[in-house]
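Undergrad: Sharing start36.txt below, compact mmCIF, C-alpha atoms and all ligand atoms:
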```
# COMPACT_ATOMS: atom_id res chain seq x y z
CA MET A 196 234.14 205.12 142.47
CA ILE A 197 237.11 206.99 140.93
CA LYS A 198 236.82 208.75 137.57
CA ILE A 199 239.87 210.27 135.96
CA ASN A 200 239.26 212.30 132.81
CA ASN A 201 242.16 213.48 130.61
CA LEU A 202 244.40 214.11 133.60
CA THR A 203 247.69 215.86 132.88
CA LYS A 204 250.15 216.85 135.60
CA LYS A 205 253.24 218.90 134.83
CA PHE A 206 255.99 219.96 137.19
CA ALA A 207 257.82 222.81 135.43
CA ASN A 208 258.83 221.17 132.13
CA GLN A 209 258.37 217.62 133.39
CA ILE A 210 255.16 215.92 132.23
CA SER A 211 254.48 213.35 134.96
CA LEU A 212 250.96 212.43 133.85
CA ASP A 213 250.01 212.78 130.20
CA ASN A 214 246.30 212.74 129.41
CA VAL A 215 245.34 209.82 131.66
CA SER A 216 241.72 208.63 131.65
CA LEU A 217 240.59 205.77 133.90
CA GLU A 218 237.48 204.55 135.66
CA LEU A 219 238.13 202.49 138.79
CA ASN A 220 235.24 200.66 140.42
CA LYS A 221 234.25 198.79 143.56
CA GLY A 222 235.20 195.10 143.45
CA GLU A 223 238.25 195.87 141.34
CA ASN A 224 241.63 194.94 142.76
CA ILE A 225 244.09 196.76 140.58
CA ILE A 226 247.83 196.58 140.19
CA ILE A 227 249.49 199.64 138.69
CA MET A 228 252.88 198.79 137.22
CA GLY A 229 255.57 200.67 135.34
CA GLN A 230 259.20 201.69 135.41
CA ASN A 231 260.67 204.07 137.96
CA GLY A 232 259.47 207.54 137.10
CA ALA A 233 256.48 206.32 135.05
CA GLY A 234 254.07 208.51 137.03
CA LYS A 235 252.51 205.96 139.38
CA THR A 236 253.05 207.88 142.61
CA THR A 237 252.02 211.14 140.92
CA LEU A 238 248.74 209.47 139.93
CA ILE A 239 248.18 208.24 143.50
CA ARG A 240 248.98 211.66 144.97
CA SER A 241 246.57 213.27 142.52
CA ILE A 242 243.84 210.85 143.65
CA LEU A 243 244.64 211.82 147.26
CA GLY A 244 244.13 215.49 146.42
CA GLN A 245 247.76 216.43 146.99
CA TYR A 246 248.26 217.85 143.50
CA LEU A 247 246.13 220.23 141.50
CA PRO A 248 245.74 218.80 137.96
CA THR A 249 247.41 220.85 135.23
CA LYS A 250 244.56 219.72 132.96
CA GLY A 251 241.63 217.34 133.28
CA GLU A 252 239.80 216.20 136.39
CA ILE A 253 239.49 213.52 139.05
CA LEU A 254 236.28 212.62 140.80
CA ILE A 255 236.05 210.33 143.81
CA ALA A 256 232.46 209.38 144.55
CA ASN A 257 231.63 212.45 142.44
CA LYS A 258 233.76 214.78 144.56
CA ASP A 259 236.93 216.63 143.61
CA PRO A 260 239.74 215.37 145.88
CA PHE A 261 241.70 218.63 145.67
CA LYS A 262 238.76 220.85 146.62
CA ASP A 263 237.00 218.44 148.95
CA ARG A 264 239.92 216.73 150.59
CA VAL A 265 238.41 215.91 153.97
CA ASN A 266 235.39 214.09 152.53
CA THR A 267 237.34 212.23 149.88
CA LEU A 268 240.18 211.18 152.21
CA ASN A 269 237.55 209.73 154.55
CA LEU A 270 236.78 207.19 151.83
CA ILE A 271 240.41 206.12 151.41
CA GLY A 272 242.86 204.02 153.41
CA PHE A 273 246.33 204.84 152.12
CA VAL A 274 249.80 203.46 152.79
CA PRO A 275 252.56 205.55 151.18
CA GLN A 276 255.67 204.34 149.38
CA LEU A 277 257.84 205.97 152.05
CA PRO A 278 256.54 206.27 155.63
CA PRO A 279 256.31 209.96 156.59
CA PRO A 280 258.61 211.21 159.42
CA ILE A 281 255.84 211.35 162.01
CA ARG A 282 257.04 212.82 165.30
CA LEU A 283 254.21 211.40 167.39
CA THR A 284 254.70 208.37 169.59
CA VAL A 285 253.01 205.17 168.47
CA GLU A 286 250.40 205.69 171.19
CA GLU A 287 249.70 209.27 170.05
CA LEU A 288 249.48 208.20 166.42
CA ILE A 289 246.92 205.51 167.21
CA LEU A 290 244.86 207.98 169.25
CA TYR A 291 245.05 210.46 166.39
CA ALA A 292 243.72 207.80 164.01
CA LYS A 293 240.87 207.12 166.42
CA VAL A 294 239.92 210.77 166.83
CA SER A 295 240.41 211.87 163.21
CA SER A 296 239.07 208.84 161.36
CA ASN A 297 237.10 206.93 163.97
CA VAL A 298 239.46 203.96 163.70
CA ASN A 299 238.93 201.16 166.22
CA ILE A 300 242.10 200.85 168.32
CA ASP A 301 241.57 197.17 169.12
CA ASP A 302 241.50 196.48 165.38
CA ILE A 303 244.88 198.20 164.97
CA PHE A 304 246.38 195.98 167.68
CA ARG A 305 244.77 192.87 166.17
CA LEU A 306 246.01 193.60 162.65
CA CYS A 307 249.55 194.42 163.82
CA LYS A 308 249.59 191.17 165.77
CA LYS A 309 248.63 189.23 162.65
CA MET A 310 251.73 190.66 160.97
CA ASP A 311 253.79 189.71 164.02
CA LEU A 312 254.14 193.22 165.43
CA ASP A 313 253.51 193.43 169.17
CA LEU A 314 252.37 197.05 169.34
CA GLN A 315 252.02 197.07 173.11
CA SER A 316 255.78 196.95 173.62
CA HIS A 317 256.41 199.94 171.29
CA LEU A 318 253.69 202.37 172.40
CA LYS A 319 256.06 204.93 173.90
CA LYS A 320 258.45 204.96 170.93
CA VAL A 321 258.44 207.86 168.51
CA PHE A 322 257.05 206.63 165.19
CA PHE A 323 260.04 207.66 163.07
CA LYS A 324 262.35 205.61 165.29
CA LEU A 325 260.57 202.34 164.52
CA SER A 326 262.22 200.06 161.98
CA GLY A 327 261.11 200.43 158.35
CA GLY A 328 259.05 197.26 158.45
CA MET A 329 257.42 198.14 161.78
CA LYS A 330 256.36 201.54 160.40
CA GLN A 331 254.87 199.87 157.36
CA LYS A 332 252.99 197.31 159.45
CA LEU A 333 251.54 200.01 161.69
CA LEU A 334 250.47 202.19 158.74
CA ILE A 335 248.94 199.18 156.99
CA SER A 336 247.03 198.25 160.16
CA ILE A 337 245.68 201.78 160.60
CA ALA A 338 244.63 201.94 156.92
CA ILE A 339 242.80 198.60 157.09
CA ALA A 340 241.24 199.28 160.50
CA LYS A 341 239.74 202.47 159.07
CA ASN A 342 237.61 200.15 156.90
CA PRO A 343 237.32 202.57 153.95
CA ASP A 344 235.70 201.98 150.54
CA ILE A 345 239.03 202.44 148.78
CA PHE A 346 242.44 201.04 149.68
CA ILE A 347 245.56 202.47 148.07
CA PHE A 348 248.91 200.83 148.72
CA ASP A 349 252.01 202.33 147.09
CA GLU A 350 254.60 199.53 147.22
CA PRO A 351 253.41 198.51 150.67
CA THR A 352 255.52 195.41 151.11
CA ALA A 353 258.92 196.84 150.13
CA ASN A 354 260.09 196.83 153.76
CA LEU A 355 258.28 193.74 154.99
CA ASP A 356 259.86 190.42 155.85
CA PRO A 357 258.43 187.34 154.03
CA LYS A 358 256.03 186.47 156.85
CA GLY A 359 254.84 190.09 157.03
CA ARG A 360 254.18 190.07 153.28
CA GLU A 361 252.25 186.85 153.41
CA MET A 362 250.13 188.06 156.32
CA PHE A 363 249.49 191.43 154.69
CA TYR A 364 247.98 189.81 151.60
CA SER A 365 246.01 187.30 153.63
CA LEU A 366 244.53 190.15 155.72
CA LEU A 367 243.23 191.74 152.53
CA GLU A 368 241.46 188.62 151.35
CA GLU A 369 238.50 189.32 153.59
CA TYR A 370 237.99 192.70 151.91
CA ASN A 371 238.75 192.27 148.24
CA GLU A 372 235.24 191.76 146.91
CA LYS A 373 233.72 194.72 148.69
CA LYS A 374 236.33 197.38 148.05
CA LEU A 375 238.26 199.14 145.37
CA MET A 376 241.89 198.21 145.99
CA ILE A 377 244.80 199.79 144.20
CA PHE A 378 248.31 198.41 144.54
CA VAL A 379 251.35 200.07 143.06
CA SER A 380 253.90 197.29 142.81
CA HIS A 381 256.78 196.00 140.72
CA ARG A 382 256.01 192.44 141.83
CA ILE A 383 252.95 191.03 140.17
CA ASP A 384 253.70 187.54 141.51
CA GLU A 385 252.98 188.77 145.04
CA VAL A 386 249.54 190.13 144.22
CA SER A 387 248.53 187.85 141.36
CA HIS A 388 246.07 185.91 143.54
CA ILE A 389 244.28 189.07 144.62
CA VAL A 390 244.27 191.42 141.60
CA ASN A 391 241.80 191.29 138.71
CA ARG A 392 243.00 194.25 136.67
CA LYS A 393 246.46 195.33 135.54
CA ILE A 394 247.28 198.88 134.47
CA GLN A 395 250.71 199.60 132.99
CA MET A 396 252.12 203.10 132.83
CA ASP A 397 255.09 204.54 130.99
CA LEU A 398 256.24 208.14 130.60
CA GLY A 399 253.09 209.40 132.29
CA LYS A 400 250.69 207.50 130.02
CA VAL A 401 248.55 204.42 130.52
CA ILE A 402 250.00 201.99 127.97
CA SER A 403 247.87 198.98 128.81
CA ASP A 404 244.81 198.24 130.90
CA GLU A 405 243.52 194.67 131.08
CA LYS A 406 241.40 192.33 133.16
CA ILE A 407 243.41 189.41 134.50
N1 LIG B 501 256.73 216.88 143.44
C1 LIG B 501 257.40 216.75 142.29
N2 LIG B 501 258.09 217.78 141.75
C2 LIG B 501 258.73 217.65 140.58
N3 LIG B 501 258.76 216.51 139.85
C3 LIG B 501 258.10 215.45 140.33
C4 LIG B 501 257.38 215.50 141.56
N4 LIG B 501 256.82 214.29 141.79
C5 LIG B 501 257.18 213.52 140.76
N5 LIG B 501 257.94 214.21 139.87
C6 LIG B 501 258.49 213.68 138.63
O1 LIG B 501 257.48 212.99 137.96
C7 LIG B 501 257.97 211.79 137.34
C8 LIG B 501 257.16 210.62 137.82
O2 LIG B 501 257.45 210.37 139.20
P1 LIG B 501 256.63 209.34 140.10
O3 LIG B 501 257.10 209.49 141.49
O4 LIG B 501 255.19 209.54 139.82
O5 LIG B 501 257.13 207.96 139.47
P2 LIG B 501 256.81 206.45 139.91
O6 LIG B 501 256.16 205.79 138.74
O7 LIG B 501 256.06 206.44 141.19
O8 LIG B 501 258.27 205.84 140.09
P3 LIG B 501 258.89 204.78 141.18
O9 LIG B 501 258.65 203.40 140.63
O10 LIG B 501 260.34 205.14 141.17
O11 LIG B 501 258.25 205.03 142.50
C9 LIG B 501 259.46 211.73 137.69
O12 LIG B 501 260.20 212.22 136.61
C10 LIG B 501 259.58 212.65 138.89
O13 LIG B 501 260.85 213.27 138.95
MG MG B 502 256.49 205.73 143.10
```
Represent the structure of the file as structure tokens.

TA:
Amino acid sequence: MIKINNLTKKFANQISLDNVSLELNKGENIIIMGQNGAGKTTLIRSILGQYLPTKGEILIANKDPFKDRVNTLNLIGFVPQLPPPIRLTVEELILYAKVSSNVNIDDIFRLCKKMDLDLQSHLKKVFFKLSGGMKQKLLISIAIAKNPDIFIFDEPTANLDPKGREMFYSLLEEYNEKKLMIFVSHRIDEVSHIVNRKIQMDLGKVISDEKI
């Protein structure tokens, strides 16, 4: 599903990814771990087509995510480490998801409800004025409701309360055999029941990659 060949990404003198090669497949539920600054988010952003590789290549379903962003992003449901400062209201954001990615609005409501977020009462609020956890729950719900082949979650539970965390992982259980799921997380205990592969990064390199 995702092929990464000898990927290097430099920002000025900073080498953020150093000759990374990985093959990530359907049915794999992967945790990517590593210290702050190890290159995890840079790797995710490269997969999302946000960065042009300095060297090497990435292919998602045989397409280049930088050159063919629309088609590759259609395959991915992504929740970022930090929610973007979206200036749309909740209602507008949901409609945007429906129009741009054909997301079923009832599914968004249902998934939010499972994480204890009553979306109906927040529809008129501007997204960036929601609490951190509410933003995360809404973005998670939109990503899951999109029903993509690939899920990417960059520290998705950092802002969630314990119940929200528990419900997030239980929501994913119905998908984990059919999808490629990638979690960036410092907490392996949270995802240990769901992941079957652990990739460790340090200083921009993959230092271990094992089935678990
Ligand atoms: N857009 C950018 N411009 C310049 N340097 C960057 C950029 N993005 C990341 N870096 C640098 O690349 C290195 C890796 O950063 P990255 O965000 O990928 O780390 P991370 O593994 O996600 O860390 P964390 O656990 O703190 O989220 C850091 O030294 C960072 O300063
Ligand atoms: Mg990061």

Undergrad: Find the residues around stretch 322-339 of chain A up to 10 Å (all atoms listed in the file counted), leave out those fewer than 4 positions away in its own chain, and share them as a ChimeraX atom specification.

TA: /A:271-289,292-293,296,298-300,302-314,317-318,343,345-348,351-356,359-360,363,366-367,370

Undergrad: When you draw a straight line from atom CA of A:Asn220 to atom CA of A:Asn257, how long is it in Å?

TA: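 Those two atoms sit 12.5 Å apart.
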
Undergrad: Can you tell me which residues sit at most 6 Å away from ligand LIG 501 (chain B), counting all atoms listed in the file, written as a PyMOL selection string?

TA: chain A and resi 206+211+230-237

Undergrad: Report, in Å to a single decimal, how far apart atom CA of A:Glu405 and atom CA of A:Leu238 are.

TA: 18.0 Å

Undergrad: Go through A:Leu202, A:Val390, A:Ile225, A:Met396 and flag the residue nearest ligand MG 502 (chain B), using all atoms listed in the file for the distances.

TA: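 Of A:Leu202, A:Val390, A:Ile225, A:Met396, the one nearest ligand MG 502 (chain B) is A:Met396, counting all atoms listed in the file.
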
Undergrad: Just checking: using all atoms listed in the file, which residue out of A:Ser295, A:Leu398, A:Ser387, A:Ala340 ends up closest to A:Lys204?

TA: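 Using all atoms listed in the file, A:Lys204 sits closest to A:Leu398.
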
Undergrad: Could you pull out every residue with an atom within 8 Å of (245.2, 189.8, 146.2), file coordinates, counting only C-alpha atoms, and send them as a ChimeraX atom specification?

TA: /A:224,364-365,367-368,371,385-390

Undergrad: Quick one, how far is atom CA of A:Lys406 from atom CA of A:Gly229?

TA: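 Atom CA of A:Gly229 lies at a distance of 16.6 Å from atom CA of A:Lys406.
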
Undergrad: So which one's closest to A:Asp301, A:Glu369, A:Ile239, A:Gln315, A:Gln209? Using all atoms listed in the file, please.

TA: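 Selected residue with least distance to A:Asp301: A:Gln315.
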
Undergrad: Have a look at A:Leu219, A:Phe378, A:Ile253, A:Asp213 and name the one nearest to A:Ile199; count only C-alpha atoms.

TA: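 Ranking A:Leu219, A:Phe378, A:Ile253, A:Asp213 by distance to A:Ile199, first place goes to A:Ile253.
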
Undergrad: Can you list, as a ChimeraX atom specification, every protein, DNA or RNA residue that comes within 9 Å of A:Lys205 when you count only C-alpha atoms, leaving out same-chain residues fewer than 5 positions away?

TA: /A:210-213,248-250

Undergrad: (239.4, 201.9, 137.4) in this file's frame - what residues fall within 9 Å of it? Use all atoms listed in the file and give the answer as a list in words.

TA: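 So the residues meeting the distance criterion are Met196, Ile197, Lys198, Ile199, Leu217, Glu218, Leu219, Asn220, Lys221, Glu223, Ile225, Leu375, Ile377, Arg392 and Ile394 of chain A.
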
Undergrad: Hey, which of A:Gln395, A:Leu290, A:Asn208, A:Asp344 ends up closest to A:Leu268? Count all atoms listed in the file.

TA: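 Nearest candidate to A:Leu268 out of A:Gln395, A:Leu290, A:Asn208, A:Asp344: A:Asp344.
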
Undergrad: With distances taken over only C-alpha atoms and all ligand atoms, which residue among A:Ser216, A:Val379, A:Met362, A:Ser403 lies nearest ligand MG 502 (chain B)?

TA: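 That would be A:Val379, the residue with the smallest distance to ligand MG 502 (chain B).
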
Undergrad: Can you report as lines of an AutoDock Vina configuration file the centre and edge lengths in Å, to one decimal, of an axis-aligned box around the listed atoms of stretch 204-212 of chain A padded with 6 Å on each side?

TA:
```
center_x = 254.5
center_y = 217.6
center_z = 134.7
size_x = 20.7
size_y = 22.4
size_z = 17.1
```
